[in-house]
$ cat target-v4.cif   # mmCIF, C-alpha atoms
data_input
loop_
_atom_site.label_atom_id
_atom_site.label_comp_id
_atom_site.auth_asym_id
_atom_site.auth_seq_id
_atom_site.Cartn_x
_atom_site.Cartn_y
_atom_site.Cartn_z
CA MET A 1 173.98 265.12 27.62
CA PRO A 2 174.58 262.52 24.85
CA ALA A 3 172.11 259.66 24.86
CA ILE A 4 173.35 256.58 26.72
CA ILE A 5 171.88 254.03 24.33
CA PRO A 6 173.03 250.38 24.43
CA GLY A 7 175.44 249.71 21.59
CA THR A 8 176.70 253.30 21.34
CA PRO A 9 180.37 254.09 22.12
CA LEU A 10 179.37 256.14 25.19
CA HIS A 11 177.34 253.26 26.62
CA SER A 12 180.25 250.89 25.95
CA LEU A 13 182.61 253.23 27.80
CA LEU A 14 180.37 253.48 30.85
CA ASP A 15 179.71 249.75 30.89
CA ALA A 16 183.46 249.08 30.75
CA LEU A 17 183.74 251.16 33.94
CA ARG A 18 180.62 249.79 35.64
CA LYS A 19 181.40 246.07 35.36
CA PRO A 20 184.91 246.23 36.87
CA PHE A 21 183.60 248.52 39.62
CA ALA A 22 180.94 245.97 40.57
CA ASP A 23 183.38 243.03 40.45
CA VAL A 24 186.14 244.71 42.46
CA VAL A 25 183.83 246.20 45.11
CA SER A 26 181.98 242.89 45.55
CA GLN A 27 185.26 241.05 46.05
CA ALA A 28 186.86 243.66 48.30
CA LEU A 29 183.84 244.20 50.55
CA GLY A 30 182.83 240.55 50.62
CA ALA A 31 179.28 241.02 49.35
CA ASN A 32 177.32 241.01 46.10
CA TRP A 33 177.15 244.64 45.03
CA SER A 34 174.88 245.94 42.30
CA VAL A 35 176.26 248.84 40.27
CA ALA A 36 174.25 250.78 37.70
CA ILE A 37 174.67 253.93 35.65
CA ASP A 38 171.89 256.50 36.12
CA THR A 39 170.88 257.73 32.67
CA ALA A 40 168.98 260.73 34.04
CA ASP A 41 170.32 264.15 33.08
CA GLU A 42 170.75 265.25 36.67
CA ALA A 43 173.61 263.75 38.65
CA SER A 44 174.37 264.08 42.34
CA PRO A 45 175.40 267.62 43.29
CA GLU A 46 178.70 268.68 44.82
CA THR A 47 178.74 267.67 48.48
CA PRO A 48 180.87 269.18 51.28
CA ASN A 49 184.01 267.25 52.30
CA ALA A 50 183.57 264.79 49.45
CA LEU A 51 186.53 262.68 48.37
CA HIS A 52 187.68 263.27 44.80
CA PHE A 53 189.59 261.03 42.41
CA ARG A 54 190.91 261.79 38.94
CA ALA A 55 191.20 259.21 36.18
CA SER A 56 193.63 259.97 33.36
CA ILE A 57 192.81 258.00 30.21
CA SER A 58 195.44 257.60 27.49
CA GLY A 59 196.01 255.53 24.38
CA HIS A 60 193.32 255.13 21.74
CA LEU A 61 191.02 257.04 24.09
CA GLN A 62 192.17 260.40 25.43
CA GLY A 63 190.76 262.50 28.24
CA GLY A 64 189.88 262.45 31.87
CA ALA A 65 187.18 261.52 34.32
CA ALA A 66 186.55 262.71 37.88
CA LEU A 67 184.83 260.66 40.58
CA GLN A 68 183.22 262.26 43.62
CA VAL A 69 182.41 260.09 46.66
CA ALA A 70 180.39 261.56 49.52
CA ALA A 71 182.38 261.78 52.76
CA ALA A 72 180.04 259.45 54.67
CA ASP A 73 180.18 256.78 51.94
CA ALA A 74 183.95 257.09 51.58
CA LEU A 75 184.41 256.69 55.35
CA ARG A 76 182.20 253.62 55.61
CA TRP A 77 183.76 251.95 52.57
CA ALA A 78 187.27 252.63 53.84
CA GLN A 79 186.49 251.32 57.32
CA THR A 80 185.06 248.14 55.82
CA LEU A 81 188.04 247.71 53.49
CA ARG A 82 190.45 248.03 56.42
CA ALA A 83 188.35 245.76 58.68
CA GLU A 84 187.81 248.62 61.12
CA SER A 85 184.79 249.23 63.30
CA VAL A 86 182.22 251.34 61.47
CA ASP A 87 182.18 254.74 63.16
CA PRO A 88 180.21 257.41 61.24
CA SER A 89 181.55 260.14 63.54
CA ALA A 90 185.20 259.48 62.68
CA GLU A 91 187.16 261.59 60.25
CA LEU A 92 188.54 260.08 57.06
CA ASN A 93 192.30 259.69 57.51
CA GLN A 94 195.08 259.32 54.95
CA GLU A 95 195.36 255.54 55.35
CA GLN A 96 191.67 255.16 54.60
CA LYS A 97 191.97 257.42 51.55
CA GLU A 98 194.86 255.28 50.30
CA ALA A 99 192.74 252.14 50.78
CA LEU A 100 190.00 253.62 48.59
CA LEU A 101 192.59 254.72 46.03
CA GLU A 102 193.98 251.18 45.83
CA LEU A 103 190.44 249.86 45.32
CA LEU A 104 189.87 252.26 42.42
CA ARG A 105 193.24 251.42 40.89
CA ARG A 106 192.16 247.80 40.74
CA VAL A 107 188.98 248.94 39.01
CA ALA A 108 191.11 251.01 36.60
CA GLY A 109 193.26 247.99 35.73
CA MET A 110 190.26 245.88 34.78
CA ALA A 111 188.65 248.81 32.96
CA SER A 112 191.84 249.31 30.92
CA THR A 113 191.56 245.73 29.68
CA GLN A 114 187.90 246.10 28.69
CA LEU A 115 188.41 249.48 27.02
CA SER A 116 191.39 248.13 25.08
CA HIS A 117 189.22 245.30 23.78
CA LEU A 118 186.52 247.74 22.69
CA PHE A 119 188.47 250.73 21.40
CA GLY A 120 192.12 249.70 21.09
CA GLU A 121 194.99 249.91 23.57
CA THR A 122 193.84 252.17 26.41
CA THR A 123 195.23 252.83 29.89
CA VAL A 124 193.38 254.24 32.90
CA ASP A 125 195.37 255.73 35.81
CA VAL A 126 193.70 256.93 39.02
CA ASP A 127 194.93 259.34 41.71
CA LEU A 128 193.51 261.37 44.57
CA ALA A 129 192.65 264.90 43.50
CA GLU A 130 191.20 268.20 44.55
CA PRO A 131 187.69 269.12 43.30
CA ILE A 132 187.86 269.34 39.50
CA ALA A 133 186.12 272.21 37.71
CA TRP A 134 186.64 271.17 34.09
CA GLU A 135 183.74 271.12 31.66
CA GLY A 136 182.09 267.83 30.87
CA VAL A 137 179.09 265.62 31.44
CA ASP A 138 177.98 264.28 34.83
CA VAL A 139 176.45 260.84 35.34
CA SER A 140 175.60 259.00 38.55
CA ILE A 141 176.92 255.62 39.60
CA LEU A 142 174.43 253.84 41.86
CA ALA A 143 176.12 251.22 44.05
CA SER A 144 173.96 249.16 46.40
CA GLU A 145 174.05 246.06 48.58
CA ALA A 146 171.31 244.62 50.77
CA ALA A 147 173.05 244.99 54.13
CA PHE A 148 175.23 247.98 53.29
CA GLY A 149 172.60 250.14 51.64
CA SER A 150 173.12 252.34 48.60
CA SER A 151 175.58 255.01 47.57
CA ARG A 152 175.43 257.53 44.74
CA LEU A 153 178.75 258.57 43.23
CA ARG A 154 179.15 261.37 40.72
CA LEU A 155 181.25 260.68 37.64
CA ARG A 156 182.22 263.58 35.39
CA LEU A 157 183.46 262.77 31.89
CA SER A 158 185.61 265.50 30.37
CA SER A 159 184.66 267.04 27.06
CA GLU A 160 187.95 265.76 25.63
CA LEU A 161 187.06 262.18 26.59
CA LEU A 162 183.56 262.47 25.12
CA ALA A 163 184.99 263.74 21.84
CA SER A 164 187.54 260.93 21.81
CA VAL A 165 184.86 258.28 22.40
CA SER A 166 182.63 259.76 19.69
CA SER A 167 185.43 259.66 17.12
CA THR A 168 186.61 256.16 17.99
CA SER A 169 184.85 253.09 16.70
CA ARG A 170 185.03 249.62 18.12
CA THR A 171 187.74 247.23 17.04
CA PRO A 172 186.42 245.51 13.88
CA SER A 173 185.57 241.82 14.00
CA PRO A 174 187.83 239.35 12.16
CA PRO A 175 186.90 238.89 8.49
CA ALA A 176 184.46 236.07 7.83
CA THR A 177 185.11 233.16 5.50
CA VAL A 178 183.00 233.32 2.33
CA THR A 179 181.09 230.13 1.54
CA ASP A 180 179.12 229.01 -1.50
CA ASN A 181 176.49 227.52 0.78
CA PRO A 182 174.24 230.36 2.03
CA GLY A 183 172.91 228.12 4.80
CA ALA A 184 176.32 227.30 6.19
CA ALA A 185 177.61 229.03 9.30
CA ILE A 186 180.12 231.80 8.65
CA SER A 187 183.17 231.61 10.90
CA PRO A 188 186.34 233.67 11.13
CA GLU A 189 189.26 232.36 9.09
CA PRO A 190 191.87 230.84 11.45
CA ASN A 191 195.18 232.66 11.56
CA PHE A 192 197.72 229.81 11.41
CA ASP A 193 200.62 232.29 11.25
CA LEU A 194 200.23 232.68 15.01
CA LEU A 195 201.02 228.96 15.48
CA LEU A 196 203.99 228.60 13.15
CA GLY A 197 206.53 229.39 15.87
CA VAL A 198 205.22 226.79 18.32
CA HIS A 199 207.69 223.97 19.16
CA LEU A 200 206.30 220.42 18.80
CA ASN A 201 207.80 217.06 19.80
CA LEU A 202 208.12 214.46 17.04
CA THR A 203 208.56 210.70 17.58
CA LEU A 204 210.30 208.23 15.28
CA ARG A 205 208.62 204.79 15.44
CA PHE A 206 210.50 201.77 14.05
CA GLY A 207 207.63 199.42 14.80
CA GLN A 208 205.52 198.10 17.64
CA ARG A 209 204.74 194.93 19.53
CA VAL A 210 201.96 193.82 21.85
CA MET A 211 203.24 192.05 24.96
CA THR A 212 201.69 190.60 28.09
CA LEU A 213 202.46 192.11 31.46
CA ARG A 214 204.42 188.97 32.39
CA GLU A 215 206.60 189.32 29.29
CA ILE A 216 207.29 192.94 30.14
CA LEU A 217 208.23 192.07 33.74
CA ASP A 218 210.60 189.38 32.45
CA LEU A 219 212.60 191.88 30.38
CA ALA A 220 216.23 192.19 31.36
CA SER A 221 219.47 193.51 29.92
CA GLY A 222 220.13 191.65 26.67
CA SER A 223 216.49 190.79 25.95
CA VAL A 224 215.47 191.07 22.29
CA ILE A 225 212.00 192.24 21.25
CA GLU A 226 210.88 191.50 17.71
CA LEU A 227 208.82 194.31 16.16
CA ASP A 228 206.06 194.01 13.57
CA ARG A 229 208.11 195.70 10.83
CA GLU A 230 210.75 194.35 8.49
CA VAL A 231 214.11 196.09 8.09
CA GLN A 232 213.37 197.38 4.60
CA GLU A 233 210.03 198.92 5.61
CA PRO A 234 209.95 202.70 6.28
CA ALA A 235 209.73 204.02 9.83
CA ASP A 236 206.90 206.30 11.03
CA LEU A 237 207.29 209.94 12.05
CA LEU A 238 204.58 210.85 14.57
CA LEU A 239 203.23 214.08 16.01
CA GLY A 240 201.50 212.88 19.15
CA ASP A 241 199.57 209.89 17.86
CA LYS A 242 199.19 211.30 14.31
CA LEU A 243 201.27 209.93 11.44
CA ILE A 244 202.78 212.88 9.56
CA ALA A 245 205.46 211.16 7.43
CA ARG A 246 207.34 207.92 6.67
CA GLY A 247 210.94 207.45 5.69
CA GLU A 248 214.28 205.64 5.86
CA VAL A 249 216.29 205.65 9.07
CA VAL A 250 219.73 207.23 8.57
CA ILE A 251 222.71 208.21 10.73
CA VAL A 252 223.53 211.94 10.82
CA ASP A 253 226.68 212.94 12.75
CA GLY A 254 226.29 209.97 15.04
CA ASN A 255 222.57 210.59 15.65
CA TYR A 256 219.55 208.80 14.27
CA GLY A 257 217.64 210.65 11.57
CA ILE A 258 214.97 210.00 8.99
CA ARG A 259 214.97 210.64 5.25
CA ILE A 260 211.35 211.41 4.31
CA THR A 261 210.02 209.20 1.52
CA GLU A 262 206.26 209.57 2.01
CA VAL A 263 204.04 212.39 3.30
CA PRO A 264 200.33 211.66 3.88
CA ASP A 265 197.60 214.01 2.67
CA SER A 266 197.54 217.25 4.71
CA ARG A 267 194.01 216.55 5.92
CA GLN A 268 195.18 213.24 7.38
CA ARG A 269 198.10 214.98 9.10
CA MET A 270 195.66 217.47 10.71
CA GLY A 271 193.41 214.65 11.83
CA THR A 272 190.52 215.75 9.61
CA SER A 273 188.61 214.01 6.84
#

$ encode --input "target-v4.cif" --output "C-alpha cells"
Amino acid sequence: MPAIIPGTPLHSLLDALRKPFADVVSQALGANWSVAIDTADEASPETPNALHFRASISGHLQGGAALQVAAADALRWAQTLRAESVDPSAELNQEQKEALLELLRRVAGMASTQLSHLFGETTVDVDLAEPIAWEGVDVSILASEAAFGSSRLRLRLSSELLASVSSTSRTPSPPATVTDNPGAAISPEPNFDLLLGVHLNLTLRFGQRVMTLREILDLASGSVIELDREVQEPADLLLGDKLIARGEVVIVDGNYGIRITEVPDSRQRMGTS
C-alpha cells in the first residue's frame, strides 16, 4: 500500500478522518478515547456478522471508503450510545444500527470541514451498507479507552479515492509580503476587500465639556451647556474614538450633515504610527 508518511496527502486524508472520529466518539461515549491509524500492511480481516458503512466522498476529492465494525464492538458501542445495559448476548437491532450511523454522520460532518480546508470543498456522506467488494487499500483504525478496552475497525479506501488524493495538492498558503529587510518576519498580505462591505457607525462631535456629577444631575429642560469649541471651528467626524475627518456642519433635507474640509493622514485614521 502507499506509504503513510506525515505530510503526504494520504496521511492528511487519514488524519482528517481520525481526529473527528476521536472527538465525536469521546463526546458521545463520555470518555477520552484514543484513535490511531495502523500503518501496517495487514488490516483486520473480514469478520462474520460485522456491521458495514459506506462513505461517499465528493467535491475536490472523489471516491469512496468502507468501514467494517465487528459485531461485538458495534453492539457494545450502540448500547452505550443509547444508555442501555451492556448485554454481549443481545442481537444488534435496527435502532442500535441507526444510533451508530448517526455517530458516524457526525464524524463525516467534521471530516468534511477538515478535508475542505486541506484539499478544497469536499463532502463526506455515510450510510449503512452491505459488505463492499471493491478494490482498494485496507487500513486499521485502533480505538481504545481505559475502561472500555480497544476496538479494531477496518477502513477500505477505494482505488478511485486514492487516485484522487494523489492528484490533489493542498490548498496553497496566502502569498507572503516581500520585505527589504531579510530579518523581518514575513506575513500574509491582509485582504481589505473582504472588509469593504462592513457597515460602521460614525459620530459627529460639535465639541465637548467636562462636568461634575452634581452639574449633570442638575440638568433640566432648558439648560444650556457651553462646549469647548467656537462656532466657526470645524466639527469632528469620529469612527469609534478615532478622528477620521473634520468639516463644516450643514443642513441636508432637514437633517444635519457635514461638509468635509480636512482628512487626517490615513495612518492616523487607522490608529497606527

$ closest_residue --input "target-v4.cif" --among "A:Ala70, A:Ala220, A:Ala28, A:Ala65" --to "Ala83 (chain A)" --atoms "only C-alpha atoms"
A:Ala28

$ resolve_selection --input "target-v4.cif" --expression "the PyMOL selection byres ((chain A and resi 47-60) around 7)" --output "list of chain:residue names"
A:Pro45, A:Glu46, A:Leu61, A:Gln62, A:Gly63, A:Gly64, A:Ala65, A:Ala66, A:Leu67, A:Gln68, A:Val69, A:Ala70, A:Ala71, A:Ala74, A:Phe119, A:Gly120, A:Glu121, A:Thr122, A:Thr123, A:Val124, A:Asp125, A:Val126, A:Asp127, A:Leu128, A:Ala129, A:Glu130, A:Pro131

$ atom_distance --input "target-v4.cif" --atom1 "CA of Leu219 (chain A)" --atom2 "CA of Ala235 (chain A)"
24.0 Å

$ resolve_selection --input "target-v4.cif" --expression "the PyMOL selection byres ((chain A and resi 208) around 8)" --output "ChimeraX atom specification"
/A:205-207,209-210,227-229

$ closest_residue --input "target-v4.cif" --among "A:Asp38, A:Asp138, A:Glu262, A:Glu226" --to "Ala245 (chain A)" --atoms "all atoms listed in the file"
A:Glu262

$ atom_distance --input "target-v4.cif" --atom1 "CA of Val263 (chain A)" --atom2 "CA of Gly247 (chain A)"
8.8 Å

$ atom_distance --input "target-v4.cif" --atom1 "CA of Ile141 (chain A)" --atom2 "CA of Gln79 (chain A)"
20.6 Å

$ closest_atom_pairs --input "target-v4.cif" --of "region 90-156 of chain A" --to "region 12-24 of chain A" --cutoff "9 Å" --atoms "all atoms listed in the file" --output "JSON lines"
{"residue": "A:Leu103", "atom": "CA", "partner": "A:Val24", "partner_atom": "CA", "distance": 7.3}
{"residue": "A:Leu104", "atom": "CA", "partner": "A:Phe21", "partner_atom": "CA", "distance": 7.8}
{"residue": "A:Arg106", "atom": "CA", "partner": "A:Val24", "partner_atom": "CA", "distance": 7.0}
{"residue": "A:Val107", "atom": "CA", "partner": "A:Pro20", "partner_atom": "CA", "distance": 5.3}
{"residue": "A:Ala108", "atom": "CA", "partner": "A:Pro20", "partner_atom": "CA", "distance": 7.8}
{"residue": "A:Gly109", "atom": "CA", "partner": "A:Pro20", "partner_atom": "CA", "distance": 8.6}
{"residue": "A:Met110", "atom": "CA", "partner": "A:Pro20", "partner_atom": "CA", "distance": 5.8}
{"residue": "A:Ala111", "atom": "CA", "partner": "A:Leu17", "partner_atom": "CA", "distance": 5.5}
{"residue": "A:Ser112", "atom": "CA", "partner": "A:Ala16", "partner_atom": "CA", "distance": 8.4}
{"residue": "A:Thr113", "atom": "CA", "partner": "A:Ala16", "partner_atom": "CA", "distance": 8.8}
{"residue": "A:Gln114", "atom": "CA", "partner": "A:Ala16", "partner_atom": "CA", "distance": 5.7}
{"residue": "A:Leu115", "atom": "CA", "partner": "A:Ala16", "partner_atom": "CA", "distance": 6.2}
{"residue": "A:Leu118", "atom": "CA", "partner": "A:Ser12", "partner_atom": "CA", "distance": 7.7}
{"residue": "A:Ile141", "atom": "CA", "partner": "A:Arg18", "partner_atom": "CA", "distance": 8.0}
{"residue": "A:Ala143", "atom": "CA", "partner": "A:Ala22", "partner_atom": "CA", "distance": 7.9}

$ resolve_selection --input "target-v4.cif" --expression "the PyMOL selection byres ((chain A and resi 249) around 7)" --output "list in words"
Ala235, Gly247, Glu248, Val250, Tyr256, Gly257, Ile258 and Arg259 of chain A

$ write_last_selection --input "target-v4.cif" --atoms "C-alpha atoms" --output "compact mmCIF listing (two decimals), in the coordinates of the input"
# COMPACT_ATOMS: atom_id res chain seq x y z
CA ALA A 235 209.73 204.02 9.83
CA GLY A 247 210.94 207.45 5.69
CA GLU A 248 214.28 205.64 5.86
CA VAL A 250 219.73 207.23 8.57
CA TYR A 256 219.55 208.80 14.27
CA GLY A 257 217.64 210.65 11.57
CA ILE A 258 214.97 210.00 8.99
CA ARG A 259 214.97 210.64 5.25

$ closest_residue --input "target-v4.cif" --among "A:Leu81, A:Leu238, A:Val139, A:Ile216" --to "Asn201 (chain A)" --atoms "all atoms listed in the file"
A:Leu238

$ residues_around --input "target-v4.cif" --residues "Glu95 (chain A)" --least-positions-apart "5" --cutoff "12 Å" --atoms "only C-alpha atoms" --output "VMD selection string"
chain A and resid 75 78 to 79 81 to 82 84 100 to 102

$ build_atoms --input "target-v4.cif" --residues "region 239-269 of chain A" --atoms "N, CA and C atoms" --output "compact mmCIF listing (two decimals), in the frame of the given file"
# COMPACT_ATOMS: atom_id res chain seq x y z
N LEU A 239 203.48 212.88 15.21
CA LEU A 239 203.23 214.08 16.01
C LEU A 239 202.11 213.71 16.98
N GLY A 240 202.47 213.46 18.23
CA GLY A 240 201.50 212.88 19.15
C GLY A 240 201.20 211.47 18.70
N ASP A 241 199.93 211.19 18.40
CA ASP A 241 199.57 209.89 17.86
C ASP A 241 199.19 209.97 16.37
N LYS A 242 199.51 211.10 15.72
CA LYS A 242 199.19 211.30 14.31
C LYS A 242 200.41 211.03 13.44
N LEU A 243 200.22 210.21 12.41
CA LEU A 243 201.27 209.93 11.44
C LEU A 243 201.40 211.11 10.49
N ILE A 244 202.59 211.73 10.44
CA ILE A 244 202.78 212.88 9.56
C ILE A 244 203.74 212.60 8.41
N ALA A 245 204.54 211.49 8.52
CA ALA A 245 205.46 211.16 7.43
C ALA A 245 206.03 209.77 7.66
N ARG A 246 206.60 209.18 6.58
CA ARG A 246 207.34 207.92 6.67
C ARG A 246 208.68 208.11 5.95
N GLY A 247 209.65 207.31 6.35
CA GLY A 247 210.94 207.45 5.69
C GLY A 247 211.96 206.42 6.12
N GLU A 248 213.18 206.56 5.57
CA GLU A 248 214.28 205.64 5.86
C GLU A 248 215.10 206.17 7.03
N VAL A 249 215.46 205.27 7.93
CA VAL A 249 216.29 205.65 9.07
C VAL A 249 217.73 205.81 8.59
N VAL A 250 218.35 206.94 8.96
CA VAL A 250 219.73 207.23 8.57
C VAL A 250 220.51 207.66 9.80
N ILE A 251 221.84 207.73 9.66
CA ILE A 251 222.71 208.21 10.73
C ILE A 251 223.26 209.56 10.30
N VAL A 252 223.06 210.59 11.13
CA VAL A 252 223.53 211.94 10.82
C VAL A 252 224.41 212.41 11.97
N ASP A 253 225.73 212.50 11.72
CA ASP A 253 226.68 212.94 12.75
C ASP A 253 226.55 212.14 14.03
N GLY A 254 226.38 210.84 13.87
CA GLY A 254 226.29 209.97 15.04
C GLY A 254 224.92 209.90 15.67
N ASN A 255 223.94 210.61 15.12
CA ASN A 255 222.57 210.59 15.65
C ASN A 255 221.64 209.95 14.63
N TYR A 256 220.58 209.33 15.16
CA TYR A 256 219.55 208.80 14.27
C TYR A 256 218.84 209.95 13.57
N GLY A 257 218.44 209.69 12.32
CA GLY A 257 217.64 210.65 11.57
C GLY A 257 216.70 209.90 10.67
N ILE A 258 215.91 210.64 9.91
CA ILE A 258 214.97 210.00 8.99
C ILE A 258 214.95 210.78 7.68
N ARG A 259 215.08 210.06 6.58
CA ARG A 259 214.97 210.64 5.25
C ARG A 259 213.54 210.42 4.77
N ILE A 260 212.77 211.51 4.63
CA ILE A 260 211.35 211.41 4.31
C ILE A 260 211.16 210.84 2.91
N THR A 261 210.33 209.81 2.83
CA THR A 261 210.02 209.20 1.52
C THR A 261 208.53 209.28 1.21
N GLU A 262 207.72 209.56 2.21
CA GLU A 262 206.26 209.57 2.01
C GLU A 262 205.63 210.55 2.98
N VAL A 263 204.77 211.44 2.47
CA VAL A 263 204.04 212.39 3.30
C VAL A 263 202.55 212.20 3.04
N PRO A 264 201.77 211.84 4.07
CA PRO A 264 200.33 211.66 3.88
C PRO A 264 199.64 212.96 3.47
N ASP A 265 198.41 212.85 3.00
CA ASP A 265 197.60 214.01 2.67
C ASP A 265 197.51 214.94 3.88
N SER A 266 197.52 216.27 3.62
CA SER A 266 197.54 217.25 4.71
C SER A 266 196.34 217.11 5.64
N ARG A 267 195.19 216.70 5.08
CA ARG A 267 194.01 216.55 5.92
C ARG A 267 194.19 215.40 6.92
N GLN A 268 194.90 214.34 6.49
CA GLN A 268 195.18 213.24 7.38
C GLN A 268 196.14 213.68 8.48
N ARG A 269 197.14 214.52 8.11
CA ARG A 269 198.10 214.98 9.10
C ARG A 269 197.41 215.85 10.15
